[in-house]
Structures are given as structure tokens and as C-alpha cells.
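Notes follow once the structure below has been shown.
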Amino acid sequence: MNSNEATSSGTNGGGDANRRHSRRPTYSRFTQQELPACKPLLTPGWVISAFVLVGVIFIPIGIVSLVASNKVVEIVDRYETVCIPLEYRSSKAKKLEYIQNSTNNMTCRRELKVPKHMKAPIYVYYQLDNFYQNHRRYVKSRNDKQLRSSKNANETDSCKPEAETAGGLPIVPCGLIAWSLFNDTYMFSKGGKNLTVNKKHISWKSDREHKFGKHVFPQNFQNGSLIGGAHLNPKIPLSDQEDLIVWMRTAALPTFRKLYGKIEEDLHPNETIIVNLTNNYNTYSFSGKKKLVLSTTSFLGGKNSFLGIAYLTVGGLCFFLAMVFFVVHIIKPRPLGDPAYLSWNRNGPEGRSS
């Protein structure tokens, strides 16, 4: 074998080795993204029509949403400051001194004027501001197994610091969430007649049936020296203590409302509702606010104009852009290229290589 032949064979061998170790996939229409597909041409007519269509759909939805929201009647009364005596309102320390003294009279009388006809059912909420139920340590301070079954009453590891009593007995329900249960109460009347507040089925059905056991009863709850909130009746199972179930579904934001009950009687314009409440819950330590809310609902839920405003904004913006594009297209039109020159419209290997 001469040197030229050796060189030639060496070169071929190297080429074969390169082909064997190449990472380039074999040609197929799938790997080269040449399968049939929808590839629309965004001509000015299509773009303007799409914007107009979005505006036509979104603006009516926004109008309907706003009208439904405006039909909801709400009465909101903030009371955490007005329900303490004047001499305790001067500072945070004074407010804490008042709320932490159990011998003080915590009852408070409020008068609410009905602005419009409120059709039953009328939902009664309490609203808290600056209360971070989404705090990581607070959210984790519970034990779902303990809430579901009485056999797991001793499972309190995740509930610290409200896991056990000073004597080592398990607390049921344990954890900071249950310990801080809201404990203000409300009684309503109009024209000297009491208004009944229905507190049945104010929680989620799935929570009552699957998360809180029918045979789990409160044990050693709020028996310590520091009381966080409401007491629970030890003779009533957790599945029937709906105030607790509502409270245990923690809120994502620091301002939230929770359902207290329902008034199943119409309220008429200019009627005066007398509210006798007990101002027990301590929001003064974290500069929180407390509000009582009476509200009707629409087919979209409670009063919330954000959804309607969002739809109107997007729809109006699309109409505006459609008009701008239309004017630009009329005043200064831009000639379109020939679609036949697009790579996916060209046939043969020449089209593939491009």
C-alpha cells in the first residue's frame, strides 16, 4: 500500500467515524417541523377584525358585571374604635389595657341605616384588616388528622405553641389558628323585633363532611392562662361548629371577610337596624380594624366592580387599537409580500433548505 492509498483510507475512515458519532438526527418532516400546521398570515384586516371581536365580546360582559355589582347592597360599619370608651382611645397602650381587662363591659350598640331594599338572604360578615392569616408559622399550626378523627387526638406535633396544656394533655383542636378564633358576637333587631341570624351551612360542605370529624369533640381548649379567642362547646362535635370551620379556612390576604350568618328576612329602605355586639376580639395589638358587613348578592357573588372594570378596560383598549390600526392602514398602507415566497409554501429541496 502506497502513501496516497493510506492517506485516502485514513480520510475515509475518519469520515465514517464522524458520521457514526454525529448528533444530527436523521431527516424527517417531524424533526424539521414540516408537518401540516395552521400558519395564518396576520394581514391588517385579520388583526383589526380580531381586536374588534375581542372588544365586542368583552365590553358587554364588563357592562353586565358592573350592573350586577352595583345592584348589590352593602352596609359596612367599622367599630373597633367607637366601641371603646373615650378615655381609652388616646393610644394603643390604652386600647390594650381596655381589651385585656375582662371586667370591662365589652357590649356596644350600633345603629345601621338601610340605604336600599335588601332582599333576603342577607349575608352577615365580619371583616378584619391587617390580620395576616397567611403567615407561614400560623398556617402550619394545625393538625388535619386530629380534626378528622378522635383516634388522632394526641397528634399535636405541628401545633406548637398551642399543642398541649401545662399538664401535658393534648388540646383539641390544637394550633394557633383555632386558638385565635374570632369571638365578637352580633345581635340584630328592628322596630323592637329581633332578627334571627341563621348560622347553619355557613361553611363549605366539603369541610364539614371531610375535614372535621363528627366524633371529634373539643378537649382542653382555651384552658391556658392566655386566651386567644372564642371558646368551643365541648359537647358539640367539630363538624357542627361552623364558626370554627369558617375561621380555619385561612385567608390569602391581610384584609378578609368571613361569613358570620344569614338574615333570612327582607330589609326595606330607611329602616334602622339596631346591632348589639360584644367587642371581645383583640385587634389593637397589631393595629387591626374590625368591620361588620351586611350584604346581598348577585349571580356573580358579592359587590366587586374589579371584574367589570377589567373587562371594560381590555375591551375599550382593543377597540382603540383597532381604530388606530385601521387609520394607519388607510392613511399609509403597506404592500404585502407574495405569500408564495414563504418557506412553507415552497416545494422541493430548495424550499426545505431555506
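Letters for chains follow the order of the C-alpha cells (A, B, ...), residue numbers begin at 1 for each chain, and ligand numbers begin at 1 in the order shown.
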Could you pull out the strand (DSSP E) residues of range 62-260 of chain A, going by DSSP on the backbone, and write them as JSON, numbers by chain? {"A": [74, 75, 76, 77, 78, 107, 108, 109, 110, 111, 112, 113, 122, 123, 124, 125, 126, 127, 128, 129, 185, 186, 187, 188, 189, 190, 193, 194, 195, 197, 198, 256, 257, 258, 259, 260]}
Would you write out those residues with N, CA, C and O atoms, as a short mmCIF file (atom, residue, chain, number, x, y, z; two decimals), in the first residue's frame?
```
data_model
loop_
_atom_site.label_atom_id
_atom_site.label_comp_id
_atom_site.auth_asym_id
_atom_site.auth_seq_id
_atom_site.Cartn_x
_atom_site.Cartn_y
_atom_site.Cartn_z
N GLU A 74 -74.69 46.96 50.16
CA GLU A 74 -73.79 46.67 51.28
C GLU A 74 -73.92 47.73 52.36
O GLU A 74 -74.05 48.92 52.07
N ILE A 75 -73.86 47.28 53.60
CA ILE A 75 -73.74 48.17 54.76
C ILE A 75 -72.46 47.78 55.48
O ILE A 75 -72.33 46.63 55.91
N VAL A 76 -71.54 48.71 55.59
CA VAL A 76 -70.25 48.43 56.23
C VAL A 76 -70.10 49.37 57.42
O VAL A 76 -70.23 50.59 57.28
N ASP A 77 -69.84 48.81 58.59
CA ASP A 77 -69.70 49.60 59.81
C ASP A 77 -68.42 49.21 60.53
O ASP A 77 -68.27 48.08 61.00
N ARG A 78 -67.48 50.15 60.62
CA ARG A 78 -66.24 49.92 61.37
C ARG A 78 -66.48 50.31 62.83
O ARG A 78 -66.98 51.40 63.11
N THR A 107 -69.87 45.31 75.72
CA THR A 107 -71.04 45.45 74.86
C THR A 107 -71.06 46.82 74.18
O THR A 107 -70.56 47.80 74.73
N CYS A 108 -71.62 46.85 73.01
CA CYS A 108 -71.65 48.08 72.22
C CYS A 108 -72.93 48.08 71.39
O CYS A 108 -73.35 47.04 70.88
N ARG A 109 -73.51 49.26 71.24
CA ARG A 109 -74.74 49.39 70.46
C ARG A 109 -74.49 50.24 69.23
O ARG A 109 -73.97 51.35 69.32
N ARG A 110 -74.85 49.70 68.08
CA ARG A 110 -74.65 50.41 66.82
C ARG A 110 -75.98 50.49 66.07
O ARG A 110 -76.83 49.59 66.18
N GLU A 111 -76.16 51.57 65.33
CA GLU A 111 -77.35 51.75 64.52
C GLU A 111 -76.96 51.81 63.05
O GLU A 111 -76.08 52.59 62.67
N LEU A 112 -77.61 50.98 62.23
CA LEU A 112 -77.32 50.92 60.81
C LEU A 112 -78.56 51.33 60.03
O LEU A 112 -79.65 50.82 60.29
N LYS A 113 -78.39 52.23 59.08
CA LYS A 113 -79.48 52.68 58.23
C LYS A 113 -79.45 51.91 56.91
O LYS A 113 -78.42 51.82 56.26
N ILE A 122 -79.73 37.93 53.47
CA ILE A 122 -78.75 38.98 53.68
C ILE A 122 -77.59 38.38 54.46
O ILE A 122 -77.78 37.84 55.55
N TYR A 123 -76.42 38.45 53.88
CA TYR A 123 -75.25 37.79 54.47
C TYR A 123 -74.55 38.74 55.46
O TYR A 123 -74.31 39.91 55.15
N VAL A 124 -74.25 38.20 56.62
CA VAL A 124 -73.57 38.96 57.67
C VAL A 124 -72.11 38.49 57.72
O VAL A 124 -71.85 37.29 57.91
N TYR A 125 -71.20 39.41 57.52
CA TYR A 125 -69.77 39.10 57.55
C TYR A 125 -69.09 39.92 58.65
O TYR A 125 -69.57 40.99 59.03
N TYR A 126 -67.98 39.42 59.14
CA TYR A 126 -67.06 40.27 59.89
C TYR A 126 -65.80 40.41 59.04
O TYR A 126 -65.35 39.46 58.39
N GLN A 127 -65.26 41.60 59.02
CA GLN A 127 -64.07 41.89 58.21
C GLN A 127 -62.93 42.31 59.12
O GLN A 127 -63.11 43.14 60.02
N LEU A 128 -61.78 41.74 58.88
CA LEU A 128 -60.56 42.09 59.63
C LEU A 128 -59.53 42.64 58.66
O LEU A 128 -59.33 42.10 57.57
N ASP A 129 -58.88 43.72 59.08
CA ASP A 129 -57.81 44.32 58.29
C ASP A 129 -56.49 44.18 59.04
O ASP A 129 -56.45 44.25 60.28
N THR A 185 -69.51 38.93 68.93
CA THR A 185 -70.86 38.43 68.65
C THR A 185 -71.76 39.59 68.26
O THR A 185 -71.55 40.74 68.68
N TYR A 186 -72.80 39.27 67.48
CA TYR A 186 -73.72 40.29 66.98
C TYR A 186 -75.16 39.82 67.20
O TYR A 186 -75.50 38.66 66.93
N MET A 187 -76.00 40.75 67.64
CA MET A 187 -77.43 40.52 67.74
C MET A 187 -78.14 41.69 67.04
O MET A 187 -77.79 42.86 67.27
N PHE A 188 -79.12 41.36 66.19
CA PHE A 188 -79.78 42.37 65.36
C PHE A 188 -81.26 42.48 65.72
O PHE A 188 -81.90 41.48 66.09
N SER A 189 -81.78 43.70 65.60
CA SER A 189 -83.21 43.93 65.81
C SER A 189 -83.64 45.14 65.00
O SER A 189 -82.84 46.01 64.66
N LYS A 190 -84.93 45.18 64.70
CA LYS A 190 -85.51 46.36 64.03
C LYS A 190 -86.94 46.53 64.52
O LYS A 190 -87.69 45.56 64.64
N LYS A 193 -88.16 44.28 67.28
CA LYS A 193 -88.27 42.85 66.99
C LYS A 193 -86.90 42.30 66.62
O LYS A 193 -86.18 42.89 65.80
N ASN A 194 -86.54 41.17 67.23
CA ASN A 194 -85.24 40.57 66.96
C ASN A 194 -85.18 39.98 65.55
O ASN A 194 -86.17 39.41 65.07
N LEU A 195 -84.03 40.13 64.93
CA LEU A 195 -83.78 39.49 63.64
C LEU A 195 -82.94 38.24 63.88
O LEU A 195 -81.84 38.32 64.45
N VAL A 197 -80.43 35.35 63.14
CA VAL A 197 -79.27 35.11 62.28
C VAL A 197 -79.08 33.60 62.16
O VAL A 197 -78.82 32.91 63.14
N ASN A 198 -79.24 33.09 60.95
CA ASN A 198 -79.10 31.66 60.69
C ASN A 198 -77.62 31.33 60.50
O ASN A 198 -76.98 31.83 59.58
N PHE A 256 -59.68 40.53 54.94
CA PHE A 256 -60.58 39.46 54.51
C PHE A 256 -61.91 39.55 55.25
O PHE A 256 -62.03 40.20 56.29
N ARG A 257 -62.90 38.90 54.68
CA ARG A 257 -64.22 38.78 55.29
C ARG A 257 -64.53 37.30 55.50
O ARG A 257 -64.18 36.46 54.68
N LYS A 258 -65.22 37.03 56.59
CA LYS A 258 -65.67 35.67 56.86
C LYS A 258 -67.15 35.72 57.23
O LYS A 258 -67.60 36.64 57.92
N LEU A 259 -67.86 34.70 56.78
CA LEU A 259 -69.31 34.67 56.95
C LEU A 259 -69.66 34.37 58.40
O LEU A 259 -69.19 33.39 58.98
N TYR A 260 -70.50 35.22 58.97
CA TYR A 260 -70.96 35.05 60.35
C TYR A 260 -72.33 34.37 60.38
O TYR A 260 -72.63 33.60 61.30
#
```
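For Val47 in chain A, the residues within 10 Å (counting only C-alpha atoms, excluding itself and residues fewer than 5 positions away along the chain) are Leu41, Leu42, Val52, Leu53, Leu321, Ala322, Phe325 and Phe326 of chain A.
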Which of range 134-189 of chain A counts as helix (DSSP H, G or I) under DSSP, as a PyMOL selection string please? chain A and resi 136-140+144-148+150-152+157-159+176-179
Go ahead and write the selection's residues with C-alpha atoms as a compact mmCIF listing (two decimals), in the first residue's frame.
```
# COMPACT_ATOMS: atom_id res chain seq x y z
CA ARG A 136 -46.21 30.59 57.34
CA ARG A 137 -45.98 29.67 61.02
CA TYR A 138 -49.65 30.49 61.58
CA VAL A 139 -50.87 28.44 58.60
CA LYS A 140 -48.84 25.37 59.62
CA ASP A 144 -55.74 17.96 59.97
CA LYS A 145 -55.61 14.32 61.12
CA GLN A 146 -56.61 15.39 64.61
CA LEU A 147 -59.54 17.39 63.23
CA ARG A 148 -60.84 14.37 61.25
CA SER A 150 -60.77 11.22 67.52
CA LYS A 151 -58.12 8.48 67.32
CA ASN A 152 -55.54 11.12 66.44
CA ASP A 157 -46.52 17.95 66.85
CA SER A 158 -47.33 20.55 64.18
CA CYS A 159 -49.47 22.65 66.53
CA LEU A 176 -52.69 28.89 66.58
CA ILE A 177 -55.49 29.07 64.02
CA ALA A 178 -58.09 27.50 66.28
CA TRP A 179 -56.69 29.30 69.35
```
Would you kindly return, as a ChimeraX atom specification, each protein, DNA or RNA residue with an atom no farther than 12 Å from any atom of range 207-213 of chain A, considering only C-alpha atoms and excluding same-chain residues fewer than 3 positions away? /A:143-153,172-173,200-204,216-218,236-249
How many Å lie between CA of Val114 in chain A and CA of Val293 in chain A, rounded to one decimal?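 Calculated distance between CA of Val114 in chain A and CA of Val293 in chain A is 12.0 Å.
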Tell me, in Å to one decimal, how far CA of Pro269 in chain A is from CA of Asn70 in chain A.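 Atom-to-atom, CA of Pro269 in chain A and CA of Asn70 in chain A are spaced 16.2 Å apart.
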So that I can check the surroundings of Phe131 in chain A, please list as a VMD selection string every protein, DNA and RNA residue that reaches within 12 Å of it, counting only C-alpha atoms and ignoring chain neighbours fewer than 6 positions away. chain A and resid 138 177 180 182 250 to 257 282 to 290
Store the residues picked out above in a file with C-alpha atoms, as a PDB file, in the first residue's frame.
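Final file, again_22.pdb:
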```pdb
ATOM      1  CA  TYR A 138     -49.651  30.488  61.580  1.00  0.00           C
ATOM      2  CA  ILE A 177     -55.494  29.067  64.017  1.00  0.00           C
ATOM      3  CA  SER A 180     -57.220  32.712  67.698  1.00  0.00           C
ATOM      4  CA  PHE A 182     -62.854  35.245  66.266  1.00  0.00           C
ATOM      5  CA  THR A 250     -57.355  30.732  56.222  1.00  0.00           C
ATOM      6  CA  ALA A 251     -57.380  33.842  54.054  1.00  0.00           C
ATOM      7  CA  ALA A 252     -54.718  34.642  51.471  1.00  0.00           C
ATOM      8  CA  LEU A 253     -54.707  38.407  52.045  1.00  0.00           C
ATOM      9  CA  PRO A 254     -54.384  40.543  55.204  1.00  0.00           C
ATOM     10  CA  THR A 255     -57.839  42.063  54.629  1.00  0.00           C
ATOM     11  CA  PHE A 256     -60.578  39.457  54.513  1.00  0.00           C
ATOM     12  CA  ARG A 257     -64.220  38.777  55.291  1.00  0.00           C
ATOM     13  CA  ASN A 282     -58.213  41.999  70.308  1.00  0.00           C
ATOM     14  CA  THR A 283     -57.095  43.718  67.094  1.00  0.00           C
ATOM     15  CA  TYR A 284     -55.412  46.603  68.926  1.00  0.00           C
ATOM     16  CA  SER A 285     -52.146  44.731  69.496  1.00  0.00           C
ATOM     17  CA  PHE A 286     -51.462  44.639  65.742  1.00  0.00           C
ATOM     18  CA  SER A 287     -53.297  47.877  64.760  1.00  0.00           C
ATOM     19  CA  GLY A 288     -56.029  45.916  63.032  1.00  0.00           C
ATOM     20  CA  LYS A 289     -59.519  47.039  62.066  1.00  0.00           C
ATOM     21  CA  LYS A 290     -62.875  45.360  62.595  1.00  0.00           C
TER      22      LYS A 290
END
```
One-decimal distance in Å that lies between CA of Glu97 in chain A and CA of Glu80 in chain A: 14.2 Å
I want to know what sits within 12 Å of Gln222 in chain A, based on only C-alpha atoms, with residues of the same chain fewer than 5 positions away left out; could you give that as a PyMOL selection string? chain A and resi 162-166+170-176+178-181+227-234
Skip Leu267 in chain A itself and residues of its chain fewer than 6 positions away, then list as a VMD selection string all residues within 7 Å of it, counting only C-alpha atoms. chain A and resid 117 to 119
